[in-house]
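Structure below is protein_30.cif: mmCIF, C-alpha atoms.
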data_upload
#
loop_
_atom_site.label_atom_id
_atom_site.label_comp_id
_atom_site.auth_asym_id
_atom_site.auth_seq_id
_atom_site.Cartn_x
_atom_site.Cartn_y
_atom_site.Cartn_z
CA MET V 1 -6.43 -7.25 19.00
CA TYR V 2 -5.64 -3.96 17.38
CA ALA V 3 -4.85 -2.58 20.81
CA LYS V 4 -1.76 -4.79 20.82
CA ALA V 5 -0.48 -3.06 17.73
CA ILE V 6 -1.20 0.30 19.29
CA ARG V 7 0.77 -0.54 22.41
CA ARG V 8 3.79 -0.92 20.15
CA LEU V 9 3.45 2.64 19.04
CA ASN V 10 5.50 5.35 20.57
CA ILE V 11 3.51 8.42 19.81
CA ILE V 12 4.81 11.52 21.48
CA ASN V 13 4.17 15.18 21.27
CA ALA V 14 7.37 17.08 20.70
CA GLU V 15 6.65 19.57 23.49
CA THR V 16 4.88 17.66 26.24
CA ALA V 17 5.69 13.98 26.29
CA ASP V 18 4.01 13.21 29.59
CA TRP V 19 1.79 10.23 30.19
CA VAL V 20 -1.54 12.05 29.93
CA GLU V 21 -0.60 13.50 26.59
CA ARG V 22 0.48 10.09 25.35
CA LYS V 23 -2.74 8.48 26.49
CA LYS V 24 -4.59 11.06 24.43
CA TRP V 25 -2.66 10.11 21.31
CA GLU V 26 -3.39 6.46 21.84
CA GLU V 27 -7.08 7.20 22.18
CA ALA V 28 -6.89 9.12 18.92
CA PHE V 29 -5.54 5.99 17.29
CA HIS V 30 -8.31 3.86 18.81
CA ARG V 31 -11.03 5.91 17.30
CA PHE V 32 -10.48 5.33 13.63
CA GLY V 33 -12.07 2.21 12.23
CA HIS V 34 -9.17 1.25 10.08
CA PRO V 35 -7.09 -1.35 11.86
CA PHE V 36 -4.01 -2.79 10.26
CA PRO V 37 -1.72 -5.23 12.03
CA THR V 38 1.45 -3.84 10.56
CA VAL V 39 1.11 -0.28 11.74
CA VAL V 40 3.48 1.60 9.49
CA ILE V 41 4.03 4.54 11.84
CA ASP V 42 6.36 4.58 14.83
CA ARG V 43 6.08 8.14 16.04
CA VAL V 44 4.30 11.39 15.41
CA GLU V 45 6.65 14.34 15.56
CA GLU V 46 4.64 17.37 14.56
CA LEU V 47 0.94 17.95 14.29
CA GLU V 48 -1.08 21.08 13.56
CA ARG V 49 -4.81 20.45 13.84
CA GLU V 50 -6.65 20.67 10.52
CA LYS V 51 -3.39 21.52 8.74
CA ARG V 52 -0.55 19.03 8.64
CA ILE V 53 1.22 16.13 10.34
CA LYS V 54 4.71 14.70 10.33
CA ALA V 55 5.14 11.05 11.26
CA VAL V 56 8.19 8.82 11.28
CA LYS V 57 8.84 5.19 10.38
CA TRP V 58 12.16 3.49 11.06
CA VAL V 59 12.66 0.84 8.41
CA THR V 60 14.31 -2.32 9.68
CA ALA V 61 15.23 -5.59 7.97
CA ASP V 62 13.41 -7.97 10.33
CA GLU V 63 9.89 -6.95 9.47
CA ILE V 64 7.59 -9.77 8.45
CA TYR V 65 6.78 -8.52 4.98
CA LEU V 66 10.41 -7.90 4.04
CA SER V 67 11.08 -11.65 4.13
CA GLY V 68 9.07 -12.00 0.92
CA HIS V 69 9.82 -8.62 -0.61
CA PHE V 70 12.32 -9.79 -1.67
CA PRO V 71 14.14 -12.89 -0.36
CA GLY V 72 17.70 -11.80 0.29
CA GLU V 73 17.05 -8.34 -1.06
CA PRO V 74 14.81 -6.39 1.35
CA ILE V 75 13.08 -3.33 -0.09
CA MET V 76 10.23 -1.57 1.70
CA PRO V 77 7.10 -2.25 -0.39
CA GLY V 78 5.91 0.92 -2.08
CA VAL V 79 2.29 0.22 -1.21
CA LEU V 80 3.19 0.20 2.49
CA THR V 81 4.70 3.66 2.02
CA LEU V 82 1.25 4.62 0.77
CA GLU V 83 -0.25 2.88 3.80
CA GLY V 84 2.03 4.98 6.03
CA LEU V 85 0.81 8.18 4.40
CA VAL V 86 -2.79 7.07 4.84
CA GLN V 87 -2.21 6.14 8.48
CA SER V 88 -0.61 9.54 9.12
CA ALA V 89 -3.74 11.10 7.67
CA LEU V 90 -5.81 8.89 9.99
CA ILE V 91 -4.02 10.13 13.10
CA PHE V 92 -4.46 13.63 11.78
CA LEU V 93 -8.21 13.01 11.40
CA GLY V 94 -8.41 11.44 14.85
CA GLU V 95 -6.95 14.62 16.29
CA SER V 96 -9.12 16.93 14.19
CA PHE V 97 -12.31 15.38 15.55
CA THR V 98 -12.19 15.74 19.31
CA ARG V 99 -15.33 13.77 20.03
CA GLY V 100 -17.36 10.95 18.55
CA LYS V 101 -16.32 7.83 16.74
CA ILE V 102 -15.18 8.23 13.19
CA ARG V 103 -14.98 5.68 10.44
CA VAL V 104 -12.48 6.41 7.73
CA SER V 105 -12.00 4.64 4.44
CA LEU V 106 -9.62 5.22 1.57
CA GLU V 107 -11.82 6.46 -1.24
CA LYS V 108 -9.44 7.32 -4.02
CA VAL V 109 -5.77 7.54 -4.89
CA GLU V 110 -5.64 10.41 -7.35
CA ARG V 111 -1.94 10.32 -7.99
CA LEU V 112 0.86 8.27 -6.54
CA ARG V 113 4.47 8.21 -7.69
CA PHE V 114 7.35 6.23 -6.30
CA LYS V 115 10.67 7.98 -6.79
CA ARG V 116 13.19 6.05 -4.77
CA ALA V 117 13.55 2.63 -3.14
CA VAL V 118 13.38 2.61 0.65
CA LEU V 119 15.90 0.24 2.22
CA PRO V 120 16.36 -1.13 5.76
CA GLY V 121 18.22 1.41 7.88
CA ASP V 122 16.43 4.38 6.38
CA ARG V 123 14.29 6.74 8.36
CA LEU V 124 11.08 7.47 6.49
CA ASP V 125 9.31 10.77 7.20
CA PHE V 126 5.66 11.06 6.26
CA LEU V 127 4.63 14.66 5.62
CA VAL V 128 0.90 14.93 5.07
CA SER V 129 -1.13 18.10 4.72
CA LEU V 130 -4.81 18.77 4.22
CA THR V 131 -5.57 20.43 0.89
CA GLY V 132 -9.34 20.48 0.75
CA LYS V 133 -12.67 19.25 2.03
CA GLU V 134 -15.82 18.43 0.08
CA GLY V 135 -18.58 17.20 2.34
CA ASN V 136 -17.25 14.09 4.03
CA ARG V 137 -14.36 13.72 1.57
CA TRP V 138 -11.05 15.03 2.82
CA LYS V 139 -8.24 15.59 0.37
CA PHE V 140 -4.66 15.11 1.40
CA LYS V 141 -1.30 15.69 -0.17
CA GLY V 142 1.42 13.45 1.17
CA LYS V 143 5.13 13.12 0.74
CA ALA V 144 7.37 10.36 2.07
CA GLN V 145 10.98 11.40 2.46
CA VAL V 146 14.25 9.69 3.27
CA GLY V 147 16.40 12.55 4.53
CA ALA V 148 15.97 15.23 1.87
CA GLU V 149 15.13 12.78 -0.92
CA VAL V 150 11.52 12.22 -1.85
CA ALA V 151 10.63 8.51 -1.84
CA ALA V 152 6.96 8.82 -2.76
CA GLU V 153 4.33 11.45 -3.45
CA ALA V 154 0.61 10.90 -3.17
CA ASP V 155 -2.69 12.72 -3.48
CA VAL V 156 -5.42 10.78 -1.70
CA ILE V 157 -9.06 11.28 -0.78
CA LEU V 158 -10.39 9.80 2.46
CA LYS V 159 -14.05 9.39 3.28
CA VAL V 160 -14.89 10.24 6.88
CA ASP V 161 -18.14 9.11 8.47
CA VAL V 162 -18.91 10.41 11.93
CA ARG V 163 -20.74 7.94 14.11
CA GLU V 164 -22.18 8.43 17.57
CA VAL V 165 -21.42 12.12 17.76
CA GLY V 166 -21.43 13.38 21.31
CA PHE V 167 -19.90 10.31 22.96
CA GLU V 168 -16.34 10.31 24.05
CA LEU V 169 -14.67 7.28 22.47
CA MET Y 170 -0.93 -20.59 -14.63
CA GLU Y 171 -0.47 -22.02 -11.16
CA ASN Y 172 1.30 -20.51 -8.18
CA ARG Y 173 4.47 -22.46 -8.89
CA GLU Y 174 4.83 -20.86 -12.29
CA ILE Y 175 3.98 -17.43 -10.88
CA GLN Y 176 6.93 -17.83 -8.53
CA GLY Y 177 9.10 -18.51 -11.57
CA ILE Y 178 8.20 -15.09 -12.96
CA LEU Y 179 7.83 -12.89 -9.88
CA PRO Y 180 10.55 -12.62 -7.24
CA HIS Y 181 7.91 -12.08 -4.54
CA ARG Y 182 7.49 -14.77 -1.88
CA TYR Y 183 5.45 -15.31 1.27
CA PRO Y 184 4.18 -13.08 2.87
CA PHE Y 185 4.14 -10.68 -0.01
CA LEU Y 186 3.07 -12.85 -2.93
CA LEU Y 187 -0.46 -11.58 -3.37
CA VAL Y 188 -1.67 -13.50 -6.43
CA ASP Y 189 -2.81 -17.12 -6.18
CA ARG Y 190 -3.50 -18.13 -9.75
CA ILE Y 191 -3.60 -16.71 -13.25
CA LEU Y 192 -6.76 -17.74 -15.11
CA THR Y 193 -6.14 -16.24 -18.54
CA ILE Y 194 -3.10 -14.54 -19.91
CA GLU Y 195 -2.03 -12.92 -23.15
CA PRO Y 196 1.67 -12.21 -22.56
CA GLY Y 197 2.40 -8.52 -22.97
CA LYS Y 198 -1.27 -7.57 -23.21
CA LYS Y 199 -3.58 -8.60 -20.43
CA ALA Y 200 -4.21 -11.12 -17.70
CA THR Y 201 -6.83 -12.21 -15.21
CA GLY Y 202 -5.66 -13.33 -11.82
CA VAL Y 203 -7.26 -14.60 -8.65
CA LYS Y 204 -6.63 -13.83 -5.00
CA ASN Y 205 -8.53 -15.79 -2.39
CA LEU Y 206 -9.13 -14.45 1.09
CA THR Y 207 -9.44 -17.20 3.67
CA GLY Y 208 -8.84 -15.42 6.94
CA ASN Y 209 -5.53 -17.09 7.75
CA GLU Y 210 -3.36 -14.42 6.17
CA TRP Y 211 -1.06 -12.27 8.27
CA PHE Y 212 -2.94 -9.06 7.53
CA PHE Y 213 -6.17 -10.57 8.90
CA GLN Y 214 -4.77 -10.56 12.45
CA GLY Y 215 -6.94 -7.86 13.87
CA HIS Y 216 -9.42 -7.05 11.14
CA HIS Y 217 -11.59 -8.56 8.52
CA PHE Y 218 -11.01 -6.79 5.24
CA TYR Y 219 -8.31 -6.76 2.59
CA PRO Y 220 -6.33 -3.53 2.99
CA PRO Y 221 -6.66 -1.28 -0.07
CA SER Y 222 -2.92 -0.80 -0.34
CA LEU Y 223 -2.41 -4.55 -0.66
CA LEU Y 224 -5.12 -4.69 -3.32
CA LEU Y 225 -3.01 -2.25 -5.31
CA GLU Y 226 0.00 -4.52 -4.86
CA SER Y 227 -2.01 -7.55 -6.04
CA LEU Y 228 -2.95 -5.75 -9.24
CA ALA Y 229 0.62 -4.55 -9.75
CA GLN Y 230 1.85 -8.13 -9.40
CA VAL Y 231 -0.56 -9.31 -12.10
CA GLY Y 232 0.83 -6.47 -14.24
CA GLY Y 233 4.32 -7.75 -13.48
CA ILE Y 234 3.28 -11.21 -14.68
CA VAL Y 235 1.91 -9.75 -17.95
CA LEU Y 236 5.28 -8.10 -18.66
CA GLY Y 237 7.41 -10.84 -17.16
CA SER Y 238 5.80 -13.69 -19.12
CA LYS Y 239 6.35 -11.83 -22.39
CA ALA Y 240 9.99 -11.11 -21.54
CA LYS Y 241 10.49 -14.75 -20.60
CA ILE Y 242 9.27 -15.91 -24.03
CA GLU Y 243 11.22 -13.31 -26.00
CA ASN Y 244 14.50 -13.06 -24.08
CA PRO Y 245 14.77 -16.02 -21.71
CA LEU Y 246 18.38 -15.19 -20.88
CA VAL Y 247 18.03 -11.50 -20.07
CA HIS Y 248 16.93 -10.59 -16.56
CA PHE Y 249 14.39 -7.87 -16.24
CA VAL Y 250 13.25 -5.89 -13.24
CA GLY Y 251 9.75 -4.56 -12.87
CA LEU Y 252 9.25 -1.54 -10.65
CA PHE Y 253 6.02 -0.13 -9.31
CA VAL Y 254 6.22 3.54 -10.28
CA GLY Y 255 2.80 4.91 -9.66
CA VAL Y 256 -0.96 4.95 -9.54
CA SER Y 257 -3.40 7.43 -10.99
CA GLU Y 258 -7.14 7.92 -10.55
CA PHE Y 259 -7.64 4.76 -8.55
CA GLN Y 260 -11.05 4.49 -6.94
CA PHE Y 261 -11.94 2.12 -4.11
CA ARG Y 262 -15.62 1.26 -3.78
CA ARG Y 263 -15.41 -1.19 -0.91
CA CYS Y 264 -12.86 -3.45 0.69
CA PRO Y 265 -13.13 -7.19 -0.06
CA VAL Y 266 -13.69 -9.24 3.09
CA GLN Y 267 -12.74 -12.65 4.40
CA GLY Y 268 -14.25 -15.52 2.41
CA GLU Y 269 -14.33 -13.74 -0.91
CA GLN Y 270 -12.47 -14.34 -4.12
CA ILE Y 271 -11.02 -11.31 -5.84
CA THR Y 272 -10.68 -11.39 -9.60
CA LEU Y 273 -7.88 -9.13 -10.75
CA GLN Y 274 -8.12 -7.87 -14.32
CA VAL Y 275 -5.19 -6.01 -15.76
CA GLU Y 276 -4.78 -4.77 -19.31
CA LEU Y 277 -1.91 -2.86 -20.91
CA THR Y 278 -3.17 0.42 -22.33
CA GLN Y 279 -0.07 2.44 -23.11
CA SER Y 280 3.66 2.04 -23.14
CA LEU Y 281 6.09 4.93 -23.23
CA ALA Y 282 9.78 4.02 -23.25
CA SER Y 283 10.08 1.67 -20.28
CA ILE Y 284 6.93 2.89 -18.49
CA TYR Y 285 3.83 0.76 -18.91
CA ARG Y 286 0.37 1.99 -18.07
CA PHE Y 287 -2.26 -0.57 -17.15
CA ALA Y 288 -5.99 -0.36 -16.69
CA ALA Y 289 -6.57 -2.41 -13.55
CA GLU Y 290 -9.84 -3.56 -12.08
CA ALA Y 291 -10.74 -5.77 -9.14
CA PHE Y 292 -14.01 -7.68 -8.96
CA VAL Y 293 -15.75 -9.80 -6.35
CA GLY Y 294 -18.14 -11.92 -8.39
CA ASP Y 295 -19.74 -9.38 -10.73
CA GLU Y 296 -19.30 -6.46 -8.40
CA LYS Y 297 -16.50 -4.05 -9.17
CA VAL Y 298 -14.71 -3.20 -5.94
CA ALA Y 299 -11.87 -1.04 -7.22
CA GLY Y 300 -10.47 0.26 -10.46
CA GLY Y 301 -7.97 2.68 -11.89
CA GLN Y 302 -4.65 2.97 -13.59
CA ILE Y 303 -1.32 1.62 -12.43
CA LEU Y 304 2.10 2.37 -13.84
CA LEU Y 305 4.95 -0.11 -13.95
CA SER Y 306 8.46 0.29 -15.21
CA PHE Y 307 10.20 -2.68 -16.76
CA ILE Y 308 13.92 -2.52 -17.35
CA LYS Y 309 16.90 -4.80 -17.81
CA ASN Y 310 18.38 -5.80 -14.49
CA PRO Y 311 21.31 -3.41 -14.02
CA SER Y 312 23.21 -5.90 -11.87
CA GLY Y 313 23.12 -8.41 -14.73
CA GLY Y 314 22.76 -12.11 -14.10
CA SER Y 315 21.32 -12.95 -10.76
CA GLU Y 316 20.56 -16.63 -10.35
CA ARG Y 317 16.82 -16.16 -10.23
CA PRO Y 318 14.59 -14.35 -12.69
CA SER Y 319 13.51 -11.07 -11.18
CA ALA Y 320 10.54 -9.45 -12.75
CA GLY Y 321 7.67 -7.61 -11.21
CA ARG Y 322 9.65 -6.14 -8.39
CA SER Y 323 7.92 -3.19 -6.85
CA GLY Y 324 9.20 -0.63 -4.50
#

Could you show the structure in this file as structure tokens?
Amino acid sequence: MYAKAIRRLNIINAETADWVERKKWEEAFHRFGHPFPTVVIDRVEELEREKRIKAVKWVTADEIYLSGHFPGEPIMPGVLTLEGLVQSALIFLGESFTRGKIRVSLEKVERLRFKRAVLPGDRLDFLVSLTGKEGNRWKFKGKAQVGAEVAAEADVILKVDVREVGFEL
Amino acid sequence: MENREIQGILPHRYPFLLVDRILTIEPGKKATGVKNLTGNEWFFQGHHFYPPSLLLESLAQVGGIVLGSKAKIENPLVHFVGLFVGVSEFQFRRCPVQGEQITLQVELTQSLASIYRFAAEAFVGDEKVAGGQILLSFIKNPSGGSERPSAGRSG
């Protein structure tokens, strides 16, 4: 069922956007055990392995959750901005581990601040970089931006468990 | 407090109203809310646990009810807006799954100007599944009189 959500995604590499490359990205998405029906990322624009990622979300008014948040006054829920940052980190992790299945869970939100409301029509950029690693806990610093304005900042810790090392997918 | 009354305080509606019932409330101080997970919700299409980000939103909405119910008693004519401004030191132990009832406990610990800091905890039965601090801002609605009360808005 999650595969359906993945098919919606348009993940491309800025340099080589050919089919094989794209397939690889989709497989990266398959490998993390953190499905979410409303995938909050539309596209990955930049990725440096074990360093940083830049992902993009186009905010539009006809998304299911905006009908209740709020009726007649759509504002992108702040917690889904957090979800977008976490999902960017997940793609990043999927690319940092080239083999084996990984299971990732959100362990801790150290600090999260919302600075600006995100409205339909905005383009939301998720800039996430790795700041540290302690055992299986990976620390990330994330920033969600609308143009040059910062919409949200977050420091999160993700727990990564590697399962079935040595098997592709 | 039943869902109908919650909708009188919070502007949130389906599919983003993430509190079902308020069990106990001391307006302006603390509240205990309940969120049931049945498996029919939109976020369950494809997986079986309650996403941690939505758990944060549930707790923030209970916080919005704590502030909104007090404002409704004190100034029933003034419209307030609650904004979700942040989270600090929030730890997730496990994700609640389908068929569980989450008890959301929220207590006001500090208020500075219009920023309110809450200690928020989520339980399944006696087991603590998540806990930390959430920050809400609560201000007079700048646009003045809208026809519905708008408190507990996050974003």

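Using only C-alpha atoms, the protein and nucleic acid residues lying no more than 9 Å from V:Lys57, apart from those fewer than 4 places from it along its own chain, are Val40, Ile41, Asp42, Arg43, Gly84, Asp122, Arg123, Leu124, Asp125 and Phe126 of chain V.
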
Any chance you can output those residues with C-alpha atoms as a PDB file, in the frame of the given file?
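Final file, result_15.pdb:
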ATOM      1  CA  VAL V  40       3.480   1.600   9.490  1.00  0.00           C
ATOM      2  CA  ILE V  41       4.030   4.540  11.840  1.00  0.00           C
ATOM      3  CA  ASP V  42       6.360   4.580  14.830  1.00  0.00           C
ATOM      4  CA  ARG V  43       6.080   8.140  16.040  1.00  0.00           C
ATOM      5  CA  GLY V  84       2.030   4.980   6.030  1.00  0.00           C
ATOM      6  CA  ASP V 122      16.430   4.380   6.380  1.00  0.00           C
ATOM      7  CA  ARG V 123      14.290   6.740   8.360  1.00  0.00           C
ATOM      8  CA  LEU V 124      11.080   7.470   6.490  1.00  0.00           C
ATOM      9  CA  ASP V 125       9.310  10.770   7.200  1.00  0.00           C
ATOM     10  CA  PHE V 126       5.660  11.060   6.260  1.00  0.00           C
TER      11      PHE V 126
END

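Here the PyMOL selection byres ((chain V) within 6 of (chain Y)) captures the residues V:Met1, V:Tyr2, V:Tyr65, V:Gly68, V:His69, V:Phe70, V:Pro77, V:Gly78, V:Val79, V:Glu107, V:Lys108, V:Val109, V:Glu110, V:Arg111, V:Leu112, V:Arg113, V:Phe114, V:Ala117.
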
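Coordinates place atom CA of V:Asp155 at a distance of 7.3 Å from atom CA of V:Lys139.
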
Interatomic distance between atom CA of V:Leu130 and atom CA of V:Ala55? 14.4 Å

Name every residue that the PyMOL selection byres ((chain V and resi 146) around 12) selects in this structure, writing the answer as a PDB file with C-alpha atoms, in the coordinates of the input with chains first and numbers rising.
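Once everything was written out, this is selection.pdb:
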ATOM      1  CA  VAL V  56       8.190   8.820  11.280  1.00  0.00           C
ATOM      2  CA  LYS V  57       8.840   5.190  10.380  1.00  0.00           C
ATOM      3  CA  TRP V  58      12.160   3.490  11.060  1.00  0.00           C
ATOM      4  CA  VAL V  59      12.660   0.840   8.410  1.00  0.00           C
ATOM      5  CA  THR V  81       4.700   3.660   2.020  1.00  0.00           C
ATOM      6  CA  LYS V 115      10.670   7.980  -6.790  1.00  0.00           C
ATOM      7  CA  ARG V 116      13.190   6.050  -4.770  1.00  0.00           C
ATOM      8  CA  ALA V 117      13.550   2.630  -3.140  1.00  0.00           C
ATOM      9  CA  VAL V 118      13.380   2.610   0.650  1.00  0.00           C
ATOM     10  CA  LEU V 119      15.900   0.240   2.220  1.00  0.00           C
ATOM     11  CA  PRO V 120      16.360  -1.130   5.760  1.00  0.00           C
ATOM     12  CA  GLY V 121      18.220   1.410   7.880  1.00  0.00           C
ATOM     13  CA  ASP V 122      16.430   4.380   6.380  1.00  0.00           C
ATOM     14  CA  ARG V 123      14.290   6.740   8.360  1.00  0.00           C
ATOM     15  CA  LEU V 124      11.080   7.470   6.490  1.00  0.00           C
ATOM     16  CA  ASP V 125       9.310  10.770   7.200  1.00  0.00           C
ATOM     17  CA  PHE V 126       5.660  11.060   6.260  1.00  0.00           C
ATOM     18  CA  LEU V 127       4.630  14.660   5.620  1.00  0.00           C
ATOM     19  CA  LYS V 143       5.130  13.120   0.740  1.00  0.00           C
ATOM     20  CA  ALA V 144       7.370  10.360   2.070  1.00  0.00           C
ATOM     21  CA  GLN V 145      10.980  11.400   2.460  1.00  0.00           C
ATOM     22  CA  GLY V 147      16.400  12.550   4.530  1.00  0.00           C
ATOM     23  CA  ALA V 148      15.970  15.230   1.870  1.00  0.00           C
ATOM     24  CA  GLU V 149      15.130  12.780  -0.920  1.00  0.00           C
ATOM     25  CA  VAL V 150      11.520  12.220  -1.850  1.00  0.00           C
ATOM     26  CA  ALA V 151      10.630   8.510  -1.840  1.00  0.00           C
ATOM     27  CA  ALA V 152       6.960   8.820  -2.760  1.00  0.00           C
TER      28      ALA V 152
END

Kindly reconstruct stretch 247-262 of chain Y with N, CA and C atoms and present the result as a PDB file, in the frame of the given file.
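See selection-v9.pdb below for the written result:
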ATOM      1  N   VAL Y 247      17.833 -12.841 -20.639  1.00  0.00           N
ATOM      2  CA  VAL Y 247      18.030 -11.500 -20.070  1.00  0.00           C
ATOM      3  C   VAL Y 247      17.148 -11.363 -18.829  1.00  0.00           C
ATOM      4  N   HIS Y 248      17.712 -10.782 -17.782  1.00  0.00           N
ATOM      5  CA  HIS Y 248      16.930 -10.590 -16.560  1.00  0.00           C
ATOM      6  C   HIS Y 248      16.336  -9.191 -16.534  1.00  0.00           C
ATOM      7  N   PHE Y 249      15.077  -9.152 -16.302  1.00  0.00           N
ATOM      8  CA  PHE Y 249      14.390  -7.870 -16.240  1.00  0.00           C
ATOM      9  C   PHE Y 249      13.926  -7.594 -14.823  1.00  0.00           C
ATOM     10  N   VAL Y 250      13.756  -6.311 -14.547  1.00  0.00           N
ATOM     11  CA  VAL Y 250      13.250  -5.890 -13.240  1.00  0.00           C
ATOM     12  C   VAL Y 250      12.013  -5.041 -13.470  1.00  0.00           C
ATOM     13  N   GLY Y 251      10.944  -5.388 -12.801  1.00  0.00           N
ATOM     14  CA  GLY Y 251       9.750  -4.560 -12.870  1.00  0.00           C
ATOM     15  C   GLY Y 251       9.654  -3.711 -11.626  1.00  0.00           C
ATOM     16  N   LEU Y 252       9.367  -2.442 -11.791  1.00  0.00           N
ATOM     17  CA  LEU Y 252       9.250  -1.540 -10.650  1.00  0.00           C
ATOM     18  C   LEU Y 252       7.872  -0.895 -10.646  1.00  0.00           C
ATOM     19  N   PHE Y 253       7.315  -0.785  -9.459  1.00  0.00           N
ATOM     20  CA  PHE Y 253       6.020  -0.130  -9.310  1.00  0.00           C
ATOM     21  C   PHE Y 253       6.291   1.367  -9.255  1.00  0.00           C
ATOM     22  N   VAL Y 254       5.899   2.112 -10.298  1.00  0.00           N
ATOM     23  CA  VAL Y 254       6.220   3.540 -10.280  1.00  0.00           C
ATOM     24  C   VAL Y 254       5.072   4.438  -9.894  1.00  0.00           C
ATOM     25  N   GLY Y 255       3.855   3.992 -10.052  1.00  0.00           N
ATOM     26  CA  GLY Y 255       2.800   4.910  -9.660  1.00  0.00           C
ATOM     27  C   GLY Y 255       1.389   4.409  -9.884  1.00  0.00           C
ATOM     28  N   VAL Y 256       0.459   5.238  -9.452  1.00  0.00           N
ATOM     29  CA  VAL Y 256      -0.960   4.950  -9.540  1.00  0.00           C
ATOM     30  C   VAL Y 256      -1.628   6.263  -9.932  1.00  0.00           C
ATOM     31  N   SER Y 257      -2.620   6.206 -10.812  1.00  0.00           N
ATOM     32  CA  SER Y 257      -3.400   7.430 -10.990  1.00  0.00           C
ATOM     33  C   SER Y 257      -4.879   7.110 -11.079  1.00  0.00           C
ATOM     34  N   GLU Y 258      -5.666   7.998 -10.519  1.00  0.00           N
ATOM     35  CA  GLU Y 258      -7.140   7.920 -10.550  1.00  0.00           C
ATOM     36  C   GLU Y 258      -7.637   6.543 -10.148  1.00  0.00           C
ATOM     37  N   PHE Y 259      -7.219   6.090  -8.996  1.00  0.00           N
ATOM     38  CA  PHE Y 259      -7.640   4.760  -8.550  1.00  0.00           C
ATOM     39  C   PHE Y 259      -8.723   4.895  -7.502  1.00  0.00           C
ATOM     40  N   GLN Y 260      -9.875   4.339  -7.806  1.00  0.00           N
ATOM     41  CA  GLN Y 260     -11.050   4.490  -6.940  1.00  0.00           C
ATOM     42  C   GLN Y 260     -11.350   3.192  -6.204  1.00  0.00           C
ATOM     43  N   PHE Y 261     -11.551   3.287  -4.902  1.00  0.00           N
ATOM     44  CA  PHE Y 261     -11.940   2.120  -4.110  1.00  0.00           C
ATOM     45  C   PHE Y 261     -13.417   2.229  -3.771  1.00  0.00           C
ATOM     46  N   ARG Y 262     -14.185   1.199  -4.099  1.00  0.00           N
ATOM     47  CA  ARG Y 262     -15.620   1.260  -3.780  1.00  0.00           C
ATOM     48  C   ARG Y 262     -15.905   0.597  -2.450  1.00  0.00           C
TER      49      ARG Y 262
END
